[in-house]
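Student: One structure coming up, written as structure tokens, with questions to follow.
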There are 2 protein chains.
Amino acid sequence: MTESQAFGHMSKGIWWVEDYFSGRGLVAYQIEKFLFDEQSDYQRVRIFDTKDYGRVFTLDDLMMTNELDEFAYHEMLVHIPLLAHPNPEKVLIIGGGDGGSLREATKHPSVKEARLCEIDGMVVEAAKQYLHYTNAGFNHPSSIVTIGDGIEFVRQHPNSYDVILIDSTDPVGPAEALFAEAFYNDVLTCLRPGGIVAQQTESPYFTPQSVKMIYSILHKVFPHVHTYMSMIPGYPSGAWSFSLVSKDVETPTQHFNSQRVKALGDLKYYVPEMQQSAFVLPAFVQKLVKGE
Amino acid sequence: MTESQAFGHMSKGIWWVEDYFSGRGLVAYQIEKFLFDEQSDYQRVRIFDTKDYGRVFTLDDLMMTNELDEFAYHEMLVHIPLLAHPNPEKVLIIGGGDGGSLREATKHPSVKEARLCEIDGMVVEAAKQYLHYTNAGFNHPSSIVTIGDGIEFVRQHPNSYDVILIDSTDPVGPAEALFAEAFYNDVLTCLRPGGIVAQQTESPYFTPQSVKMIYSILHKVFPHVHTYMSMIPGYPSGAWSFSLVSKDVETPTQHFNSQRVKALGDLKYYVPEMQQSAFVLPAFVQKLVKGE
């Protein structure tokens with residue numbers, strides 16, 4: 001129990017209030033049942049059931065995934081880059097231990113290897129046991145799980161992947177290095193020709209300076225940088241940005257083929273028109289990613 | 001102070017936690033200073049400064065407008081319908097006492113009358129005094145303020161307006177009648193030929209049944225019904241829907257002219273491409289508005 005006072009509507013019960021970066025950016029939800037709560041070598045891993053978001057998975061008290069809106073994150077992180085690539089066969093997911101990105105990547109018939117490289121084995125084990133809504137991909141024949149440091153993995157595998165998905169936590173603490181120039185250079189080397197990278201790039205409303213910083217670095221390393229957005233209530237502000245970058249693929253639609261969307265089956269968020277419309281950014285976000 | 005318990009990150013201080021519809025859908029923010037707090041004939045009117053959202057205006061403890069994201073609501077509620085109309089001269093705003101929609105409507109050079117019809121005079125007075133970030137439109141020469149019931153006003157003014165903006169609270173309590181078939185029929189009669197109506201239509205994530213209900217009624221009354229969305233962190237889930245409906249305008253773009261966007265000056269959210277892209281809905285929202 002904190003020493004905070006709460007006004008306004010607030011039902012009786014146990015609430016989770018996420019404070020994001022020191023007092024800015026909020027998500028609040030009512031807890032029904034704690035299922036998992038352990039300290040791993042890297043972070044505090046918690047899974048609990050809530051009233052608003054269904055089953056919630058947090059790392060160091062920040063929302064990672066929830067049952068209500070996980071599809072809005074995973075479908076958009078995965079299908080936009082995979083459909084921007086003409087024939088993705090090898091996909092690397094860095095982070096993403098809940099399995100949601102793996103589940104979406106393995107829906108693409110072209111994918112022969114979908115490798116998850118997650119630093120924290122406890123996250124994968126907890127997801128396999130408790131996150132029924134994201135863990136289906138772990139059993140897919142093209143899935144491979146590597147428990148290890150994504151930065152090392154990328155460095156040791158030059159010219160190896162068609163699509164790299166950086167499915168990480170915020171750029172503070174453990175994941176900070178996943179938003180650094182040195183890492184992006186290694187990612188560039190890890191790509192096969194025609195390769196594409198997608199990454200979650202934070203909230204333009206609540207952490208505009210962080211967004212600006214990330215894009216200034218991406219522009220240094222990658223010749224083609226695009227930004228798209230998805231509406232994800234469980235993340236602070238609900239308005240989340242993603243980067244789509246490449247050395248040689250110029251636009252999100254140049255290799256797009258709507259027949260490939262049909263092969264993915266029923267989706268909850270992604271529709272083919274989003275391969276263009278998700279890149280239409282609010283005016284203030286356009287300025288941020290241009291460094292204005 | 002409620003009897004709730006709060007876990008997770010939560011800075012010390014006074015927090016506002018908005019519980020939306022009985023325990024579902026949350027926004028939380030830290031209060032810095034109360035500026036206005038009165039009970040009007042209709043509702044509790046509060047204005048206060050916060051850490052995350054700047055100056056916040058609430059009615060009956062629900063967020064109406066805030067300094068951080070008000071543009072994402074007002075620009076999208078106003079410019080999408082006005083730019084869907086070939087030459088909007090007379091605009092009626094029902095509700096919207098904070099003045100934000102009035103401010104945006106008066107940016108259009110074609111508009112000769114922008115009438116705000118707000119039932120609660122206290123809201124307008126409080127906005128004029130405290131909401132510097134939305135109240136600029138009140139002083140515009142084409143603005144007219146009517147303090148009165150929008151339902152009555154619409155009934156008494158057939159064939160009078162080119163665009164009607166329903167800028168209301170949620171469809172519970174005072175604003176419930178603004179989402180009813182009888183009202184929509186009167187709105188249809190209040191339009192001049194070629195007229196267009198836009199309305200906020202709630203959160204597809206947190207109140208899907210409400211969204212479904214609103215669209216089933218709109219489809220009964222209006223031959224052309226479209227749905228678009230905007231990312232508004234201060235509203236529960238941050239993913240907000242709007243309707244664009246008409247008797248005779250078939251699409252949002254058939255009368256669109258990008259030259260008219262330039263005349264609006266610098267905008268923070270709306271960009272011309274949104275006249276199409278904002279109507280590309282997530283798959284689950286497409287189902288909801290079709291009644292599936």
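Naming works like this for the structure tokens: A, B, ... for the chains as they're shown, residue 1 at the start of each chain, ligands 1 onward in shown order.
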Could you find all residues in stretch 34-69 of chain B that DSSP calls strand (DSSP E) from the backbone, and write them as a VMD selection string?
Tutor: chain B and resid 34 to 39 44 to 50 54 to 59 62 to 66
Student: Neighbours of B:Gln259 within 12 Å (only C-alpha atoms; same-chain residues fewer than 5 positions away dropped), as a PyMOL selection string?
Tutor: chain B and resi 83+108-109+264-265+271-272
Student: Pull N, CA and C atoms from the residues just selected and write them as a PDB file, in the first residue's frame.
Tutor:
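So out27.pdb came out as:
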```
ATOM      1  N   LEU B  83     -14.246  18.597 -43.721  1.00  0.00           N
ATOM      2  CA  LEU B  83     -13.549  18.380 -44.993  1.00  0.00           C
ATOM      3  C   LEU B  83     -14.246  17.325 -45.853  1.00  0.00           C
ATOM      4  N   HIS B 108     -12.121  27.104 -40.254  1.00  0.00           N
ATOM      5  CA  HIS B 108     -12.504  26.906 -41.659  1.00  0.00           C
ATOM      6  C   HIS B 108     -13.050  28.206 -42.244  1.00  0.00           C
ATOM      7  N   PRO B 109     -12.390  28.753 -43.270  1.00  0.00           N
ATOM      8  CA  PRO B 109     -12.843  30.036 -43.826  1.00  0.00           C
ATOM      9  C   PRO B 109     -14.284  30.004 -44.351  1.00  0.00           C
ATOM     10  N   LEU B 264      -6.194  25.831 -42.833  1.00  0.00           N
ATOM     11  CA  LEU B 264      -6.460  25.657 -41.395  1.00  0.00           C
ATOM     12  C   LEU B 264      -5.257  26.022 -40.526  1.00  0.00           C
ATOM     13  N   GLY B 265      -4.122  26.252 -41.147  1.00  0.00           N
ATOM     14  CA  GLY B 265      -2.919  26.580 -40.374  1.00  0.00           C
ATOM     15  C   GLY B 265      -2.291  25.329 -39.783  1.00  0.00           C
ATOM     16  N   VAL B 271      -3.777  15.194 -40.438  1.00  0.00           N
ATOM     17  CA  VAL B 271      -3.037  15.374 -41.685  1.00  0.00           C
ATOM     18  C   VAL B 271      -3.961  14.895 -42.809  1.00  0.00           C
ATOM     19  N   PRO B 272      -3.791  15.430 -44.035  1.00  0.00           N
ATOM     20  CA  PRO B 272      -4.754  15.127 -45.108  1.00  0.00           C
ATOM     21  C   PRO B 272      -4.977  13.631 -45.355  1.00  0.00           C
TER      22      PRO B 272
END
```
Student: With distances taken over only C-alpha atoms, which residue among A:Cys190, A:Leu281, A:Val163, A:Val245 lies nearest chain B?
Tutor: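 Of all the options, A:Leu281 lies closest to chain B.
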Student: Of the candidates A:Tyr130, A:Val280, A:Ser168, A:Val78, which one gets nearest to A:Arg46 if we count only C-alpha atoms?
Tutor: A:Tyr130
Student: Compile the contact shell of A:Asn66 as a VMD selection string: residues with an atom at most 7 Å away, counting only C-alpha atoms, same-chain residues fewer than 2 positions apart removed.
Tutor: chain A and resid 53 to 57 68 to 70
Student: Write out the residues from the selection above, keeping all heavy atoms, as an mmCIF file, in the first residue's frame.
Tutor:
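Saved as again.cif:
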```
data_model
loop_
_atom_site.group_PDB
_atom_site.id
_atom_site.type_symbol
_atom_site.label_atom_id
_atom_site.label_comp_id
_atom_site.auth_asym_id
_atom_site.auth_seq_id
_atom_site.Cartn_x
_atom_site.Cartn_y
_atom_site.Cartn_z
ATOM 1 N N TYR A 53 -8.241 -6.139 -17.954
ATOM 2 C CA TYR A 53 -7.311 -6.594 -18.981
ATOM 3 C C TYR A 53 -7.161 -8.112 -19.023
ATOM 4 O O TYR A 53 -6.275 -8.619 -19.697
ATOM 5 C CB TYR A 53 -5.941 -5.947 -18.757
ATOM 6 C CG TYR A 53 -5.919 -4.464 -19.055
ATOM 7 C CD1 TYR A 53 -6.080 -3.510 -18.056
ATOM 8 C CD2 TYR A 53 -5.758 -4.025 -20.365
ATOM 9 C CE1 TYR A 53 -6.057 -2.154 -18.348
ATOM 10 C CE2 TYR A 53 -5.734 -2.677 -20.671
ATOM 11 C CZ TYR A 53 -5.880 -1.747 -19.656
ATOM 12 O OH TYR A 53 -5.863 -0.412 -19.954
ATOM 13 N N GLY A 54 -7.986 -8.831 -18.300
ATOM 14 C CA GLY A 54 -7.815 -10.282 -18.249
ATOM 15 C C GLY A 54 -6.491 -10.613 -17.597
ATOM 16 O O GLY A 54 -6.040 -9.917 -16.674
ATOM 17 N N ARG A 55 -5.812 -11.648 -18.078
ATOM 18 C CA ARG A 55 -4.534 -12.054 -17.481
ATOM 19 C C ARG A 55 -3.415 -11.094 -17.912
ATOM 20 O O ARG A 55 -3.234 -10.856 -19.108
ATOM 21 C CB ARG A 55 -4.208 -13.492 -17.883
ATOM 22 C CG ARG A 55 -3.037 -14.054 -17.107
ATOM 23 C CD ARG A 55 -3.050 -15.571 -17.089
ATOM 24 N NE ARG A 55 -4.179 -16.088 -16.328
ATOM 25 C CZ ARG A 55 -4.395 -17.376 -16.124
ATOM 26 N NH1 ARG A 55 -3.582 -18.279 -16.622
ATOM 27 N NH2 ARG A 55 -5.448 -17.774 -15.423
ATOM 28 N N VAL A 56 -2.705 -10.576 -16.920
ATOM 29 C CA VAL A 56 -1.672 -9.568 -17.165
ATOM 30 C C VAL A 56 -0.296 -10.124 -16.797
ATOM 31 O O VAL A 56 -0.155 -10.825 -15.793
ATOM 32 C CB VAL A 56 -1.950 -8.301 -16.325
ATOM 33 C CG1 VAL A 56 -0.735 -7.377 -16.296
ATOM 34 C CG2 VAL A 56 -3.167 -7.557 -16.866
ATOM 35 N N PHE A 57 0.698 -9.784 -17.607
ATOM 36 C CA PHE A 57 2.092 -10.185 -17.367
ATOM 37 C C PHE A 57 2.910 -8.905 -17.234
ATOM 38 O O PHE A 57 2.892 -8.056 -18.123
ATOM 39 C CB PHE A 57 2.543 -11.075 -18.526
ATOM 40 C CG PHE A 57 4.015 -11.122 -18.807
ATOM 41 C CD1 PHE A 57 4.948 -11.362 -17.794
ATOM 42 C CD2 PHE A 57 4.476 -10.956 -20.111
ATOM 43 C CE1 PHE A 57 6.319 -11.407 -18.087
ATOM 44 C CE2 PHE A 57 5.835 -11.007 -20.413
ATOM 45 C CZ PHE A 57 6.759 -11.233 -19.395
ATOM 46 N N LEU A 68 -6.492 -8.591 -23.007
ATOM 47 C CA LEU A 68 -7.436 -7.725 -23.719
ATOM 48 C C LEU A 68 -6.879 -7.237 -25.052
ATOM 49 O O LEU A 68 -7.591 -7.174 -26.048
ATOM 50 C CB LEU A 68 -7.799 -6.509 -22.856
ATOM 51 C CG LEU A 68 -8.745 -5.496 -23.514
ATOM 52 C CD1 LEU A 68 -10.196 -5.957 -23.418
ATOM 53 C CD2 LEU A 68 -8.593 -4.106 -22.915
ATOM 54 N N ASP A 69 -5.626 -6.825 -25.059
ATOM 55 C CA ASP A 69 -5.144 -6.115 -26.248
ATOM 56 C C ASP A 69 -3.835 -6.653 -26.816
ATOM 57 O O ASP A 69 -3.251 -6.029 -27.694
ATOM 58 C CB ASP A 69 -4.978 -4.621 -25.944
ATOM 59 C CG ASP A 69 -3.839 -4.339 -24.959
ATOM 60 O OD1 ASP A 69 -2.971 -5.196 -24.759
ATOM 61 O OD2 ASP A 69 -3.826 -3.232 -24.398
ATOM 62 N N GLU A 70 -3.364 -7.834 -26.364
ATOM 63 C CA GLU A 70 -2.048 -8.302 -26.831
ATOM 64 C C GLU A 70 -1.992 -8.415 -28.355
ATOM 65 O O GLU A 70 -0.938 -8.196 -28.961
ATOM 66 C CB GLU A 70 -1.663 -9.631 -26.164
ATOM 67 C CG GLU A 70 -2.594 -10.805 -26.415
ATOM 68 C CD GLU A 70 -2.354 -11.512 -27.741
ATOM 69 O OE1 GLU A 70 -1.273 -11.342 -28.317
ATOM 70 O OE2 GLU A 70 -3.266 -12.221 -28.202
#
```
Student: Taking only C-alpha atoms into account, which of A:Asn139, A:Gln199, A:Thr50, A:Asn87 comes nearest chain B?
Tutor: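 Selected residue with least distance to chain B: A:Thr50.
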